[in-house]
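Notes follow once the structure below has been shown.
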4 protein chains.
Amino acid sequence: MNHSEKDKEQALFEAGIKLGSLYHQFVGTPLTLQNKKAVEDAISKSIAAQPFVESIRVQIHEKMIEEELNSVFQYTELKGKMLDVRLVVRCGKSKVFASLQWDEKLKYPLMKIDQIEEE
Amino acid sequence: MNHSEKDKEQALFEAGIKLGSLYHQFVGTPLTLQNKKAVEDAISKSIAAQPFVESIRVQIHEKMIEEELNSVFQYTELKGKMLDVRLVVRCGKSKVFASLQWDEKLKYPLMKIDQIEEE
Amino acid sequence: MNHSEKDKEQALFEAGIKLGSLYHQFVGTPLTLQNKKAVEDAISKSIAAQPFVESIRVQIHEKMIEEELNSVFQYTELKGKMLDVRLVVRCGKSKVFASLQWDEKLKYPLMKIDQIEEE
Amino acid sequence: MNHSEKDKEQALFEAGIKLGSLYHQFVGTPLTLQNKKAVEDAISKSIAAQPFVESIRVQIHEKMIEEELNSVFQYTELKGKMLDVRLVVRCGKSKVFASLQWDEKLKYPLMKIDQIEEE
């Protein structure tokens with residue numbers, strides 16, 4: 001196998017690791033409209049600290065927080081369906097673009113490969 | 001039982017909930033010297049979002065991050081012994097001051113009640 | 001303060017720690033009707049391993065798993081509202097009975113003190 | 001791109017997701033020699049419940065639990081370095097064998113691709 005094939009394989013594997021890690025580390029985090037930005041910031045900077053991450057953007061859907069806010073305690077917790085994540089992982093010359101987003105048809109917070117690039 | 005006794009009991013229970021939640025939600029978070037502040041910020045704002053929290057201060061020991069940084073990947077993950085947390089919970093007129101801190105004698109990240117106040 | 005008052009305070013604090021830990025450690029665990037028993041078993045034995053736990057019973061509502069099963073992938077994840085936990089913590093001569101259960105009125109997975117006993 | 005190339009890419013991505021999920025869901029779980037089997041069982045059955053998992057074997061190193069047991073409280077928590085996981089993911093005709101294991105040279109709980117098979 002050539003070198004760039006190996007890079008691509010690893011980049012795909014690493015992209016999966018990052019999204020799985022993100023989801024299971026942070027789902028359950030206490031959440032309000034007030035701490036949303038701090039939570040997004042910590043998630044993106046934590047995952048960015050892992051090997052091979054070129055960039056990451058994390059957004060939590062404000063409208064879903066509002067819908068889920070408990071009426072008495074005025075807070076909720078981070079749920080998979082609230083997350084919108086765009087991730088770029090690079091291994092050698094291979095770049096994998098992947099995302100985590102609620103899929104309305106599957107009713108599922110879907111992690112998927114969006115694009116693979118070779119330099 | 002009088003009302004303030006009930007308040008005190010609840011404040012003690014709630015203080016425990018917050019520290020247990022904090023520990024098991026965030027231990028394992030990918031950590032470097034660079035994202036330390038963002039992680040501290042998200043932890044304190046998340047726990048502060050929960051009911052009955054009057055104030056919280058979260059510090060991650062910088063020196064311990066340095067000691068634990070992986071030499072190849074230059075990152076580590078949040079461990080219980082890195083955490084120094086001071087929490088104040090209030091229920092009615094009762095305030096409980098509690099903390100989470102590494103106990104060198106017990107070799108344990110100890111959660112404890114520091115003080116109970118009645119107004 | 002007498003000794004048994006100290007015991008009671010600690011038992012209340014420890015009961016809170018256990019329920020907060022349980023919730024934030026295990027919420028998000030991949031779940032089906034098939035692995036429900038194994039997950040209940042691991043949760044109860046893990047929390048029972050912590051200091052001061054006299055007994056614990058963990059049930060995950062089967063009906064809620066069924067309602068939440070993704071129609072394509074046939075699985076869901078552990079959510080707070082699925083949990084029914086009864087916990088007994090003992091410190092010295094004080095016993096605290098606490099629970100975690102969905103509260104239909106508050107729309108909230110409520111942790112509460114059910115009873116305090118002195119021997 | 002041909003169909004089997006797509007399958008391989010997805011299998012690599014999914015294998016990463018599973019190992020990242022496993023690590024960040026379960027690291028931190030309270031652990032003793034007594035509940036080790038129940039925790040291994042819940043982890044393997046939880047990850048096996050996720051899409052595309054053909055098989056998984058989870059072992060927690062008993063010797064490491066012993067080394068880490070707190071001398072007063074006689075328990076520890078699941079740490080990355082204790083885990084030995086073998087995973088097989090299948091998408092269509094592609095199978096990816098991956099593992100999570102402590103790497104003594106890197107001092108790191110390494111997730112890696114062990115083999116890729118096409119049928």
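Each chain in the structure tokens gets a letter, A, B and so on, in the order shown; residues start at 1 in every chain, and ligands are counted from 1 in the order they appear.
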For chain C, report every residue with an atom at most 12 Å from chain B (counting only C-alpha atoms), formatted as a PyMOL selection string. chain C and resi 1+5-28+47+50-51+89+96-100+108+110-116
The selected residues should be written to file as a CSV table (one decimal), in the first residue's frame (atoms: C-alpha atoms).
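The result, written out as part-v8.csv:
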```
chain,number,residue,atom,x,y,z
C,1,MET,CA,-22.1,19.4,67.6
C,5,GLU,CA,-25.3,15.1,63.8
C,6,LYS,CA,-21.9,15.0,62.0
C,7,ASP,CA,-22.8,11.5,60.7
C,8,LYS,CA,-26.1,12.7,59.4
C,9,GLU,CA,-24.6,15.6,57.6
C,10,GLN,CA,-22.0,13.5,56.0
C,11,ALA,CA,-24.5,10.8,54.9
C,12,LEU,CA,-26.7,13.5,53.2
C,13,PHE,CA,-23.6,14.9,51.4
C,14,GLU,CA,-22.5,11.4,50.4
C,15,ALA,CA,-25.9,10.4,49.1
C,16,GLY,CA,-25.8,13.5,46.8
C,17,ILE,CA,-22.4,12.6,45.6
C,18,LYS,CA,-23.5,9.1,44.6
C,19,LEU,CA,-26.5,10.2,42.6
C,20,GLY,CA,-24.7,13.0,40.9
C,21,SER,CA,-21.9,10.6,40.0
C,22,LEU,CA,-24.2,8.0,38.7
C,23,TYR,CA,-26.2,10.4,36.5
C,24,HIS,CA,-23.2,12.1,34.9
C,25,GLN,CA,-21.1,8.9,34.5
C,26,PHE,CA,-23.7,6.8,32.8
C,27,VAL,CA,-26.1,9.1,30.9
C,28,GLY,CA,-25.3,8.7,27.2
C,47,ILE,CA,-21.9,3.0,42.7
C,50,GLN,CA,-18.0,3.8,46.4
C,51,PRO,CA,-17.5,4.6,50.1
C,89,VAL,CA,-26.0,5.5,52.4
C,96,VAL,CA,-30.0,8.3,54.4
C,97,PHE,CA,-32.5,6.9,51.9
C,98,ALA,CA,-32.4,8.8,48.6
C,99,SER,CA,-33.7,8.3,45.1
C,100,LEU,CA,-33.5,9.5,41.5
C,108,TYR,CA,-37.3,16.6,35.7
C,110,LEU,CA,-35.4,14.5,40.4
C,111,MET,CA,-32.9,13.4,43.1
C,112,LYS,CA,-34.4,13.6,46.5
C,113,ILE,CA,-34.0,12.6,50.2
C,114,ASP,CA,-36.7,10.1,51.0
C,115,GLN,CA,-35.8,9.3,54.7
C,116,ILE,CA,-33.2,9.8,57.4
```
If you count only C-alpha atoms, which residues fall within 6 Å of Thr76 of chain A, apart from same-chain ones fewer than 2 positions away, as a ChimeraX atom specification? /A:30-31,69
File of the preceding selection, all heavy atoms, as a tab-separated table (two decimals), in the first residue's frame:
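The new file selection-v3.tsv reads:
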```
chain	number	residue	atom	x	y	z
A	30	PRO	N	-24.61	20.24	32.05
A	30	PRO	CA	-25.68	21.19	32.38
A	30	PRO	C	-25.60	22.43	31.47
A	30	PRO	O	-24.52	22.98	31.27
A	30	PRO	CB	-25.40	21.55	33.84
A	30	PRO	CG	-24.70	20.35	34.39
A	30	PRO	CD	-23.84	19.87	33.25
A	31	LEU	N	-26.75	22.85	30.97
A	31	LEU	CA	-26.75	23.84	29.89
A	31	LEU	C	-27.90	24.85	30.06
A	31	LEU	O	-29.02	24.49	30.40
A	31	LEU	CB	-26.93	23.10	28.57
A	31	LEU	CG	-26.59	23.83	27.27
A	31	LEU	CD1	-25.12	24.17	27.22
A	31	LEU	CD2	-26.95	22.95	26.08
A	69	LEU	N	-35.48	23.79	27.93
A	69	LEU	CA	-35.29	24.36	29.27
A	69	LEU	C	-36.40	23.93	30.22
A	69	LEU	O	-37.57	24.09	29.94
A	69	LEU	CB	-35.30	25.89	29.20
A	69	LEU	CG	-34.01	26.59	28.79
A	69	LEU	CD1	-34.22	28.10	28.83
A	69	LEU	CD2	-32.85	26.19	29.69
```
(Q) If you run DSSP on the backbone here, which positions in chain D get strand (DSSP E)? Please write them as a ChimeraX atom specification. (A) /D:30-31,53-60,76-77,83-91,94-103,108-118
Picked from chain B by DSSP as alpha helix (DSSP H), as a VMD selection string: chain B and resid 3 to 26 36 to 48 62 to 68
For a test of reading the model, state the distance in Å between atom CA of Ala42 of chain D and atom CA of Glu54 of chain C, rounded to one decimal.
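Atom-to-atom, atom CA of Ala42 of chain D and atom CA of Glu54 of chain C are spaced 22.4 Å apart.
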Using only C-alpha atoms, the residue out of C:Lys36, C:Lys107, C:Lys95, C:Arg86 with shortest distance to Ala48 of chain C is C:Arg86
Report as an MDAnalysis selection string all protein, DNA and RNA residues lying within 9 Å of Val58 of chain D, evaluated on only C-alpha atoms, omitting residues in the same chain fewer than 6 positions from it. chainID D and resid 40:41 43:44 83:87
- What is the distance between atom CA of Arg90 of chain A and atom CA of Asp103 of chain D, in Å to one decimal?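 We find that atom CA of Arg90 of chain A and atom CA of Asp103 of chain D lie 22.1 Å from each other.
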* When you draw a straight line from atom CA of Ser94 of chain A to atom CA of Glu118 of chain A, how long is it in Å? ->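 Answer for the atom CA of Ser94 of chain A to atom CA of Glu118 of chain A separation: 4.8 Å.
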Counting only C-alpha atoms, closest pick from D:Asn70, D:Glu117, D:Leu78, D:Asn35 relative to Glu104 of chain B is D:Asn70
Between B:Thr32, B:Ser4, B:Lys37, B:Lys105, which is the closest to Ser71 of chain D once you count only C-alpha atoms?
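Ranking B:Thr32, B:Ser4, B:Lys37, B:Lys105 by distance to Ser71 of chain D, first place goes to B:Lys105.
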